[in-house]
$ cat my_file19.pdb   # PDB, C-alpha atoms
MODEL        1
ATOM      1  CA  MET A   1       6.167 121.668 -17.461
ATOM      2  CA  SER A   2       9.672 122.665 -18.453
ATOM      3  CA  GLU A   3      11.078 119.151 -18.402
ATOM      4  CA  GLU A   4       8.958 116.050 -18.817
ATOM      5  CA  ASP A   5       7.851 114.908 -15.377
ATOM      6  CA  SER A   6       6.461 111.380 -15.271
ATOM      7  CA  LYS A   7       4.292 112.087 -12.219
ATOM      8  CA  GLU A   8       2.594 114.931 -14.077
ATOM      9  CA  LEU A   9       2.304 112.787 -17.199
ATOM     10  CA  ALA A  10       0.517 110.120 -15.180
ATOM     11  CA  ASN A  11      -1.648 112.763 -13.491
ATOM     12  CA  ALA A  12      -0.764 111.248 -10.134
ATOM     13  CA  GLY A  13      -0.293 112.501  -6.610
ATOM     14  CA  SER A  14       1.565 110.969  -3.698
ATOM     15  CA  PHE A  15       2.238 111.361  -0.023
ATOM     16  CA  GLY A  16       3.892 109.336   2.699
ATOM     17  CA  VAL A  17       4.052 109.502   6.455
ATOM     18  CA  HIS A  18       6.290 107.906   9.053
ATOM     19  CA  LEU A  19       4.701 107.218  12.423
ATOM     20  CA  ASN A  20       5.834 105.831  15.738
ATOM     21  CA  PHE A  21       3.014 103.957  17.444
ATOM     22  CA  GLU A  22       2.010 102.163  20.573
ATOM     23  CA  THR A  23      -1.146 100.094  21.093
ATOM     24  CA  GLU A  24      -3.011  99.735  24.395
ATOM     25  CA  ARG A  25      -2.303  95.995  24.454
ATOM     26  CA  PRO A  26      -0.062  93.670  22.450
ATOM     27  CA  MET A  27      -1.734  92.667  19.182
ATOM     28  CA  SER A  28      -1.306  89.806  16.748
ATOM     29  CA  ALA A  29      -0.368  90.331  13.108
ATOM     30  CA  ALA A  30      -3.973  89.588  12.126
ATOM     31  CA  GLU A  31      -5.340  92.235  14.498
ATOM     32  CA  LEU A  32      -2.786  94.852  13.472
ATOM     33  CA  SER A  33      -3.193  94.200   9.761
ATOM     34  CA  GLU A  34      -6.981  94.408  10.037
ATOM     35  CA  LEU A  35      -6.747  97.844  11.663
ATOM     36  CA  ILE A  36      -4.192  99.043   9.125
ATOM     37  CA  GLY A  37      -6.099  97.455   6.241
ATOM     38  CA  LYS A  38      -9.244  99.373   7.250
ATOM     39  CA  GLY A  39      -7.196 102.569   7.180
ATOM     40  CA  LEU A  40      -5.846 101.786   3.713
ATOM     41  CA  LEU A  41      -9.350 100.964   2.452
ATOM     42  CA  ALA A  42     -10.563 104.321   3.772
ATOM     43  CA  ILE A  43      -7.763 106.059   1.842
ATOM     44  CA  GLY A  44      -8.618 104.079  -1.295
ATOM     45  CA  GLU A  45     -12.311 104.900  -0.921
ATOM     46  CA  MET A  46     -11.547 108.619  -0.764
ATOM     47  CA  LEU A  47      -9.227 108.618  -3.772
ATOM     48  CA  SER A  48     -10.439 106.005  -6.276
ATOM     49  CA  THR A  49     -11.199 107.197  -9.801
ATOM     50  CA  LYS A  50     -14.442 106.659 -11.729
ATOM     51  CA  GLU A  51     -12.915 103.486 -13.178
ATOM     52  CA  GLY A  52     -12.029 102.370  -9.665
ATOM     53  CA  LEU A  53      -8.278 102.819 -10.071
ATOM     54  CA  ILE A  54      -6.358 103.733  -6.938
ATOM     55  CA  GLY A  55      -2.717 103.236  -7.847
ATOM     56  CA  HIS A  56      -1.038 101.852  -4.736
ATOM     57  CA  VAL A  57      -1.767 102.423  -1.048
ATOM     58  CA  LYS A  58       0.608 100.589   1.268
ATOM     59  CA  ALA A  59       1.873 100.368   4.816
ATOM     60  CA  PHE A  60       4.893  98.790   6.431
ATOM     61  CA  VAL A  61       5.040  98.167  10.166
ATOM     62  CA  LYS A  62       8.313  97.365  11.875
ATOM     63  CA  THR A  63       8.413  96.050  15.435
ATOM     64  CA  SER A  64      11.039  94.216  17.462
ATOM     65  CA  GLU A  65       8.911  91.068  16.933
ATOM     66  CA  GLY A  66       8.903  91.316  13.129
ATOM     67  CA  PHE A  67       7.279  93.188  10.259
ATOM     68  CA  ILE A  68       3.816  93.521   8.737
ATOM     69  CA  LYS A  69       3.283  94.712   5.186
ATOM     70  CA  VAL A  70      -0.217  95.676   4.044
ATOM     71  CA  ASN A  71      -0.986  96.443   0.403
ATOM     72  CA  LEU A  72      -4.007  97.832  -1.408
ATOM     73  CA  VAL A  73      -4.086  98.158  -5.193
ATOM     74  CA  ASP A  74      -7.738  97.474  -5.953
ATOM     75  CA  MET A  75     -10.883  98.115  -3.938
ATOM     76  CA  ASP A  76     -12.612  94.936  -5.201
ATOM     77  CA  LEU A  77      -9.652  92.724  -4.323
ATOM     78  CA  GLY A  78      -9.208  94.396  -0.940
ATOM     79  CA  TYR A  79      -5.922  94.516   0.918
ATOM     80  CA  ASP A  80      -3.369  91.751   1.247
ATOM     81  CA  MET A  81      -0.934  91.194   4.058
ATOM     82  CA  GLU A  82       2.442  89.623   4.649
ATOM     83  CA  GLU A  83       4.064  89.338   8.065
ATOM     84  CA  SER A  84       6.945  87.838   9.992
ATOM     85  CA  LEU A  85       5.624  88.055  13.568
ATOM     86  CA  ASP A  86       5.480  84.252  13.646
ATOM     87  CA  GLY A  87       2.605  84.126  16.145
ATOM     88  CA  LYS A  88       4.093  86.759  18.447
ATOM     89  CA  LYS A  89       2.229  89.903  19.497
ATOM     90  CA  ALA A  90       3.504  93.459  19.200
ATOM     91  CA  SER A  91       2.513  96.778  20.741
ATOM     92  CA  ILE A  92       5.285  99.235  19.850
ATOM     93  CA  GLY A  93       6.765  99.986  16.478
ATOM     94  CA  THR A  94       7.030 102.240  13.483
ATOM     95  CA  MET A  95       4.611 102.496  10.606
ATOM     96  CA  ASN A  96       5.180 103.956   7.143
ATOM     97  CA  ILE A  97       2.067 104.698   5.128
ATOM     98  CA  MET A  98       2.475 105.727   1.522
ATOM     99  CA  ALA A  99       0.024 106.289  -1.302
ATOM    100  CA  ALA A 100       0.597 107.109  -4.958
ATOM    101  CA  VAL A 101      -2.711 107.640  -6.684
ATOM    102  CA  VAL A 102      -3.836 108.381 -10.228
ATOM    103  CA  GLY A 103      -6.147 111.348 -10.720
ATOM    104  CA  SER A 104      -5.318 112.967  -7.362
ATOM    105  CA  LYS A 105      -3.029 115.784  -6.334
ATOM    106  CA  ASP A 106      -0.414 115.553  -3.589
ATOM    107  CA  ASP A 107      -2.505 117.547  -1.119
ATOM    108  CA  GLU A 108      -5.565 115.371  -1.770
ATOM    109  CA  VAL A 109      -3.522 112.250  -1.050
ATOM    110  CA  LYS A 110      -2.136 113.907   2.084
ATOM    111  CA  GLY A 111      -5.674 114.820   3.189
ATOM    112  CA  ALA A 112      -6.883 111.241   2.760
ATOM    113  CA  ILE A 113      -3.920 109.816   4.680
ATOM    114  CA  ASP A 114      -4.383 112.390   7.445
ATOM    115  CA  GLN A 115      -8.049 111.433   7.824
ATOM    116  CA  ALA A 116      -7.224 107.746   7.896
ATOM    117  CA  VAL A 117      -4.491 108.271  10.486
ATOM    118  CA  ILE A 118      -6.909 110.222  12.702
ATOM    119  CA  ALA A 119      -9.453 107.387  12.408
ATOM    120  CA  MET A 120      -6.758 104.799  13.156
ATOM    121  CA  SER A 121      -5.662 106.731  16.236
ATOM    122  CA  GLU A 122      -8.665 105.208  18.054
ATOM    123  CA  SER A 123      -6.582 102.026  18.102
ATOM    124  CA  PHE A 124      -3.033 103.340  17.891
ATOM    125  CA  LYS A 125      -1.308 105.998  19.930
ATOM    126  CA  PHE A 126       0.675 107.787  17.237
ATOM    127  CA  ILE A 127       3.596 110.133  17.270
ATOM    128  CA  ARG A 128       3.774 111.275  13.692
ATOM    129  CA  GLU A 129       6.812 112.424  11.776
ATOM    130  CA  SER A 130       5.432 113.956   8.617
ATOM    131  CA  LYS A 131       7.962 114.134   5.843
ATOM    132  CA  GLY A 132       5.743 114.507   2.798
ATOM    133  CA  LYS A 133       5.260 117.674   0.798
ATOM    134  CA  GLY A 134       3.467 120.429   2.637
ATOM    135  CA  ALA A 135       3.789 118.960   6.105
ATOM    136  CA  THR A 136       6.512 119.163   8.674
ATOM    137  CA  GLY A 137       7.168 118.522  12.328
ATOM    138  CA  MET A 138       5.844 116.118  14.925
ATOM    139  CA  ILE A 139       2.158 115.801  15.668
ATOM    140  CA  SER A 140       0.921 113.875  18.665
ATOM    141  CA  LEU A 141      -2.265 111.943  18.045
ATOM    142  CA  GLY A 142      -4.396 109.779  20.295
TER     143      GLY A 142
ATOM    144  CA  MET B   1      27.882  94.394 -14.157
ATOM    145  CA  ILE B   2      24.421  93.521 -15.420
ATOM    146  CA  ILE B   3      21.579  95.937 -14.756
ATOM    147  CA  VAL B   4      18.029  94.658 -14.500
ATOM    148  CA  GLN B   5      15.271  97.252 -14.351
ATOM    149  CA  ILE B   6      11.921  96.020 -13.031
ATOM    150  CA  ALA B   7       9.424  98.646 -14.150
ATOM    151  CA  GLY B   8       5.641  98.798 -14.229
ATOM    152  CA  PHE B   9       2.690 100.773 -12.984
ATOM    153  CA  LEU B  10       1.793 101.386  -9.334
ATOM    154  CA  GLY B  11       0.914  98.123  -7.628
ATOM    155  CA  ALA B  12       1.990  95.924 -10.555
ATOM    156  CA  GLY B  13       4.082  93.696  -8.264
ATOM    157  CA  LYS B  14       7.570  95.154  -8.780
ATOM    158  CA  THR B  15       8.704  94.788  -5.165
ATOM    159  CA  THR B  16       7.495  91.186  -4.981
ATOM    160  CA  LEU B  17       9.396  90.288  -8.151
ATOM    161  CA  MET B  18      12.438  92.220  -6.915
ATOM    162  CA  ILE B  19      12.534  90.172  -3.684
ATOM    163  CA  ARG B  20      12.196  86.913  -5.609
ATOM    164  CA  LEU B  21      14.888  87.841  -8.140
ATOM    165  CA  GLY B  22      17.269  89.270  -5.534
ATOM    166  CA  SER B  23      16.886  86.200  -3.311
ATOM    167  CA  GLU B  24      17.427  83.757  -6.200
ATOM    168  CA  LEU B  25      20.508  85.600  -7.458
ATOM    169  CA  GLY B  26      21.881  85.690  -3.906
ATOM    170  CA  LYS B  27      21.327  81.946  -3.511
ATOM    171  CA  ALA B  28      23.161  81.431  -6.803
ATOM    172  CA  GLY B  29      26.182  83.196  -5.296
ATOM    173  CA  LYS B  30      25.803  86.414  -7.268
ATOM    174  CA  LYS B  31      26.691  89.749  -5.734
ATOM    175  CA  VAL B  32      23.561  91.881  -5.950
ATOM    176  CA  ALA B  33      22.905  95.588  -5.334
ATOM    177  CA  ILE B  34      19.353  96.906  -5.245
ATOM    178  CA  ILE B  35      18.243 100.457  -5.983
ATOM    179  CA  VAL B  36      14.671 101.286  -5.002
ATOM    180  CA  ASN B  37      12.981 104.531  -5.920
ATOM    181  CA  GLU B  38       9.802 105.916  -4.407
ATOM    182  CA  VAL B  39       8.044 109.058  -5.471
ATOM    183  CA  GLY B  40       7.418 110.381  -1.947
ATOM    184  CA  GLU B  41       9.830 111.291   0.816
ATOM    185  CA  VAL B  42       8.609 108.413   2.931
ATOM    186  CA  GLY B  43       8.950 105.061   1.245
ATOM    187  CA  VAL B  44       7.808 101.544   1.988
ATOM    188  CA  ASP B  45       9.442  99.337  -0.643
ATOM    189  CA  GLY B  46      13.032  99.712   0.596
ATOM    190  CA  SER B  47      11.987  98.600   4.095
ATOM    191  CA  VAL B  48      10.027  95.673   2.662
ATOM    192  CA  ILE B  49      12.979  94.456   0.574
ATOM    193  CA  GLU B  50      15.380  94.833   3.528
ATOM    194  CA  ALA B  51      12.960  92.854   5.709
ATOM    195  CA  PHE B  52      13.644  89.928   3.374
ATOM    196  CA  GLY B  53      17.371  90.196   4.061
ATOM    197  CA  LEU B  54      18.361  92.139   0.954
ATOM    198  CA  ARG B  55      20.368  95.348   1.217
ATOM    199  CA  THR B  56      19.042  98.296  -0.708
ATOM    200  CA  VAL B  57      19.781 101.879  -1.585
ATOM    201  CA  GLU B  58      16.554 103.844  -1.429
ATOM    202  CA  LEU B  59      16.146 107.002  -3.517
ATOM    203  CA  THR B  60      13.101 108.987  -2.465
ATOM    204  CA  GLU B  61      11.293 112.263  -3.070
ATOM    205  CA  GLY B  62      11.195 112.137  -6.826
ATOM    206  CA  CYS B  63      11.448 109.871  -9.820
ATOM    207  CA  ILE B  64      14.747 108.506 -11.152
ATOM    208  CA  CYS B  65      13.521 108.837 -14.726
ATOM    209  CA  CYS B  66      13.214 112.618 -14.385
ATOM    210  CA  SER B  67      13.763 114.683 -11.204
ATOM    211  CA  LEU B  68      16.225 112.225  -9.616
ATOM    212  CA  SER B  69      18.117 111.200 -12.764
ATOM    213  CA  GLY B  70      21.351 112.657 -11.352
ATOM    214  CA  SER B  71      20.923 110.701  -8.131
ATOM    215  CA  LEU B  72      20.548 107.483 -10.123
ATOM    216  CA  GLN B  73      23.720 108.164 -12.080
ATOM    217  CA  ASN B  74      25.693 108.968  -8.918
ATOM    218  CA  THR B  75      24.342 105.913  -7.123
ATOM    219  CA  LEU B  76      25.256 103.651 -10.052
ATOM    220  CA  ARG B  77      28.796 105.061 -10.105
ATOM    221  CA  ILE B  78      29.255 104.589  -6.352
ATOM    222  CA  ILE B  79      27.857 101.053  -6.422
ATOM    223  CA  ALA B  80      30.010 100.096  -9.408
ATOM    224  CA  LYS B  81      33.170 101.486  -7.804
ATOM    225  CA  GLU B  82      32.722 100.454  -4.179
ATOM    226  CA  PHE B  83      30.593  97.305  -4.341
ATOM    227  CA  GLN B  84      31.368  95.865  -7.782
ATOM    228  CA  PRO B  85      28.217  93.767  -8.017
ATOM    229  CA  ASP B  86      27.406  91.099 -10.571
ATOM    230  CA  TYR B  87      23.882  92.498 -10.779
ATOM    231  CA  VAL B  88      22.278  95.858 -10.050
ATOM    232  CA  LEU B  89      18.517  95.540  -9.723
ATOM    233  CA  ILE B  90      16.560  98.762 -10.151
ATOM    234  CA  GLU B  91      12.978  99.206  -9.025
ATOM    235  CA  PRO B  92      11.743 102.590 -10.256
ATOM    236  CA  THR B  93       8.523 104.205  -9.056
ATOM    237  CA  GLY B  94       5.297 103.020 -10.598
ATOM    238  CA  LEU B  95       5.188 106.337 -12.430
ATOM    239  CA  ALA B  96       8.544 105.998 -14.179
ATOM    240  CA  LEU B  97       9.186 105.517 -17.868
ATOM    241  CA  PRO B  98      11.653 102.648 -18.427
ATOM    242  CA  SER B  99      12.977 104.016 -21.726
ATOM    243  CA  LYS B 100      14.077 107.215 -19.968
ATOM    244  CA  ILE B 101      15.846 105.202 -17.273
ATOM    245  CA  ASN B 102      17.623 103.202 -19.979
ATOM    246  CA  ASN B 103      18.858 106.470 -21.478
ATOM    247  CA  ILE B 104      20.113 107.639 -18.076
ATOM    248  CA  ILE B 105      21.968 104.356 -17.565
ATOM    249  CA  ARG B 106      23.514 104.722 -21.035
ATOM    250  CA  ILE B 107      25.037 108.093 -20.160
ATOM    251  CA  SER B 108      25.964 107.261 -16.553
ATOM    252  CA  MET B 109      29.586 106.411 -17.409
ATOM    253  CA  VAL B 110      29.501 103.044 -15.651
ATOM    254  CA  GLU B 111      30.660  99.912 -17.384
ATOM    255  CA  VAL B 112      27.557  97.873 -18.074
ATOM    256  CA  GLU B 113      27.793  94.373 -19.503
ATOM    257  CA  ARG B 114      24.060  94.247 -20.211
ATOM    258  CA  ASN B 115      21.130  96.524 -19.464
ATOM    259  CA  ILE B 116      17.877  94.598 -19.287
ATOM    260  CA  SER B 117      14.406  95.957 -18.637
ATOM    261  CA  VAL B 118      11.136  94.274 -17.857
ATOM    262  CA  ALA B 119       7.749  95.987 -17.560
ATOM    263  CA  LEU B 120       5.233  94.354 -15.270
ATOM    264  CA  VAL B 121       1.559  94.624 -16.174
ATOM    265  CA  ASP B 122      -1.103  93.793 -13.607
ATOM    266  CA  ALA B 123      -3.420  91.361 -15.408
ATOM    267  CA  TYR B 124      -6.299  92.162 -13.073
ATOM    268  CA  ARG B 125      -6.235  95.946 -13.615
ATOM    269  CA  ALA B 126      -4.773  96.236 -17.127
ATOM    270  CA  GLU B 127      -8.041  97.016 -18.904
ATOM    271  CA  ARG B 128      -9.002  99.808 -16.487
ATOM    272  CA  LEU B 129      -5.485 101.166 -16.627
ATOM    273  CA  PHE B 130      -5.690 101.186 -20.405
ATOM    274  CA  LYS B 131      -9.002 103.090 -20.277
ATOM    275  CA  GLU B 132      -7.766 105.758 -17.883
ATOM    276  CA  THR B 133      -4.135 106.226 -18.803
ATOM    277  CA  LYS B 134      -3.647 104.759 -22.291
ATOM    278  CA  ALA B 135      -0.843 107.093 -23.386
ATOM    279  CA  PHE B 136       1.097 106.713 -20.159
ATOM    280  CA  PHE B 137       0.489 102.961 -19.972
ATOM    281  CA  SER B 138       1.868 102.486 -23.480
ATOM    282  CA  ARG B 139       4.998 104.500 -22.668
ATOM    283  CA  GLN B 140       5.672 102.186 -19.739
ATOM    284  CA  ILE B 141       5.797  99.104 -21.962
ATOM    285  CA  ILE B 142       7.270 100.366 -25.226
ATOM    286  CA  GLY B 143      10.959  99.610 -25.632
ATOM    287  CA  VAL B 144      11.441  97.155 -22.770
ATOM    288  CA  ASP B 145      13.011  93.753 -23.395
ATOM    289  CA  VAL B 146      10.130  91.782 -21.940
ATOM    290  CA  VAL B 147       6.592  92.613 -20.848
ATOM    291  CA  ALA B 148       5.582  90.341 -17.968
ATOM    292  CA  ILE B 149       1.862  90.003 -17.342
ATOM    293  CA  ASN B 150       1.746  89.523 -13.578
ATOM    294  CA  LYS B 151      -0.954  88.201 -11.209
ATOM    295  CA  VAL B 152      -2.047  85.608 -13.761
ATOM    296  CA  ASP B 153      -3.572  83.636 -10.893
ATOM    297  CA  LEU B 154      -6.224  86.374 -10.491
ATOM    298  CA  VAL B 155      -7.680  86.210 -14.012
ATOM    299  CA  ASP B 156      -9.116  83.546 -16.310
ATOM    300  CA  PRO B 157      -7.384  82.501 -19.570
ATOM    301  CA  GLN B 158      -9.726  84.598 -21.723
ATOM    302  CA  ARG B 159      -8.961  87.779 -19.803
ATOM    303  CA  LEU B 160      -5.267  86.947 -19.937
ATOM    304  CA  GLN B 161      -5.535  86.712 -23.726
ATOM    305  CA  GLU B 162      -7.322  90.060 -23.831
ATOM    306  CA  VAL B 163      -4.560  91.686 -21.786
ATOM    307  CA  GLU B 164      -1.929  90.223 -24.103
ATOM    308  CA  SER B 165      -3.822  91.590 -27.133
ATOM    309  CA  LEU B 166      -3.928  94.984 -25.446
ATOM    310  CA  ILE B 167      -0.162  94.916 -24.994
ATOM    311  CA  GLN B 168       0.427  93.893 -28.600
ATOM    312  CA  GLU B 169      -1.861  96.730 -29.725
ATOM    313  CA  LEU B 170       0.118  99.289 -27.716
ATOM    314  CA  ALA B 171       3.568  97.856 -28.323
ATOM    315  CA  PRO B 172       3.478  95.562 -31.353
ATOM    316  CA  GLY B 173       6.018  92.760 -31.369
ATOM    317  CA  SER B 174       6.571  92.831 -27.594
ATOM    318  CA  ARG B 175       7.944  89.693 -26.050
ATOM    319  CA  VAL B 176       5.348  88.742 -23.443
ATOM    320  CA  VAL B 177       5.520  86.219 -20.594
ATOM    321  CA  HIS B 178       2.932  85.347 -17.984
ATOM    322  CA  ILE B 179       3.958  85.261 -14.341
ATOM    323  CA  SER B 180       2.832  85.261 -10.752
ATOM    324  CA  ALA B 181       5.567  87.114  -8.889
ATOM    325  CA  LYS B 182       3.942  86.082  -5.625
ATOM    326  CA  GLY B 183       3.417  82.397  -6.370
ATOM    327  CA  GLY B 184       6.454  81.932  -8.586
ATOM    328  CA  ALA B 185       4.667  80.687 -11.713
ATOM    329  CA  GLY B 186       6.461  81.742 -14.894
ATOM    330  CA  PHE B 187       9.514  83.090 -13.032
ATOM    331  CA  LYS B 188      11.876  80.649 -14.756
ATOM    332  CA  GLU B 189      10.432  81.563 -18.162
ATOM    333  CA  LEU B 190      10.859  85.255 -17.380
ATOM    334  CA  MET B 191      14.506  84.738 -16.449
ATOM    335  CA  GLU B 192      15.058  82.817 -19.678
ATOM    336  CA  ALA B 193      13.394  85.586 -21.673
ATOM    337  CA  LEU B 194      15.633  88.147 -19.974
ATOM    338  CA  GLY B 195      18.733  85.984 -20.384
ATOM    339  CA  VAL B 196      19.413  85.967 -16.646
ATOM    340  CA  GLU B 197      21.112  82.773 -15.518
ATOM    341  CA  ILE B 198      20.116  81.530 -12.084
TER     342      ILE B 198
ENDMDL
END
$ encode --input "my_file19.pdb" --output "structure tokens"
Amino acid sequence: MSEEDSKELANAGSFGVHLNFETERPMSAAELSELIGKGLLAIGEMLSTKEGLIGHVKAFVKTSEGFIKVNLVDMDLGYDMEESLDGKKASIGTMNIMAAVVGSKDDEVKGAIDQAVIAMSESFKFIRESKGKGATGMISLG
Amino acid sequence: MIIVQIAGFLGAGKTTLMIRLGSELGKAGKKVAIIVNEVGEVGVDGSVIEAFGLRTVELTEGCICCSLSGSLQNTLRIIAKEFQPDYVLIEPTGLALPSKINNIIRISMVEVERNISVALVDAYRAERLFKETKAFFSRQIIGVDVVAINKVDLVDPQRLQEVESLIQELAPGSRVVHISAKGGAGFKELMEALGVEI
């Protein structure tokens, strides 16, 4: 490396994706976060190191009813969730999923997120805007 | 203008502490600007912080300690000139080196009353982090004003002591406080250690 790059020093990879989604029926924060949490756990499973480190896998959902934030930093602890839907249900919104992971390359992180998004598309109808390295354009899923 | 950098590894709790600090400073009548950096093009932290009613400038697709150092300098200059905040809070990526950011701030040609940095260490994952990324981990805590061991509610006192010993081994003489950014425990002590009046 010509100039010290902290991402290379940490031997980490990252990728993020912005998605527009719609669900078949309005869902509560608990239902939405469970579906998203499963997706994050799948990403973590694919990318965790031999010591079980995964860095940070996270998602932020924005709807007109409020937000849902889902976080995964450790496979044993599982994901945690914070939301502001206040009992309301949501069916349309945007979702950002981002992962920065130790011991993985950017394209490996992208591959794991792509797989998780495909699995999640059983529950979400996604229109994806991929902005991360190595991916462009709009992909319709589900 | 006082700059507070909240650094620390991926998932250490930086955004949670940022929201708590930004909210408390706002309640105290301070004018606060927040700069959030994420390593990818698509970020999450800026949206999360804004969802809590705090305005942010999000710098993405690189790290402000290296590839985006120029963007950080420009952003600091614009904020200082156009917004004139009492505090600028900086949340770098979890892969950033706080000492490099301090150097960038030093040469940014903005008038800084104080430049304070805190490194968050996740008590629950510190030992594994140490095993896998010792050299990098140490560079994230050396030279900061305070090392805050976060998520103290997830570990027992013995493990907490072990994490503190680990920190002292890597960065001898570090000032260490114990906090739960989520629950609020130790927040007052951290502010005192940083010399931030709320």
$ interface_residues --input "my_file19.pdb" --of "chain A" --to "chain B" --cutoff "10 Å" --atoms "all atoms listed in the file" --output "VMD selection string"
chain A and resid 3 to 18 49 to 62 66 to 69 71 to 74 77 82 to 84 95 to 103 106 129 to 133
$ resolve_selection --input "my_file19.pdb" --expression "the PyMOL selection byres ((chain B and resi 153) around 12)" --output "PyMOL selection string"
chain B and resi 122-124+149-152+154-157+159-160+178-186
$ residues_around --input "my_file19.pdb" --residues "segment 169-173 of chain B" --least-positions-apart "6" --cutoff "8 Å" --atoms "all atoms listed in the file" --output "short mmCIF file (atom, residue, chain, number, x, y, z; two decimals) with C-alpha atoms, in the coordinates of the input"
data_model
loop_
_atom_site.label_atom_id
_atom_site.label_comp_id
_atom_site.auth_asym_id
_atom_site.auth_seq_id
_atom_site.Cartn_x
_atom_site.Cartn_y
_atom_site.Cartn_z
CA SER B 138 1.87 102.49 -23.48
CA ILE B 141 5.80 99.10 -21.96
CA ILE B 142 7.27 100.37 -25.23
#
$ atom_distance --input "my_file19.pdb" --atom1 "atom CA of Lys89 of chain A" --atom2 "atom CA of Ala119 of chain A"
22.2 Å
$ atom_distance --input "my_file19.pdb" --atom1 "atom CA of Leu190 of chain B" --atom2 "atom CA of Met75 of chain A"
28.6 Å
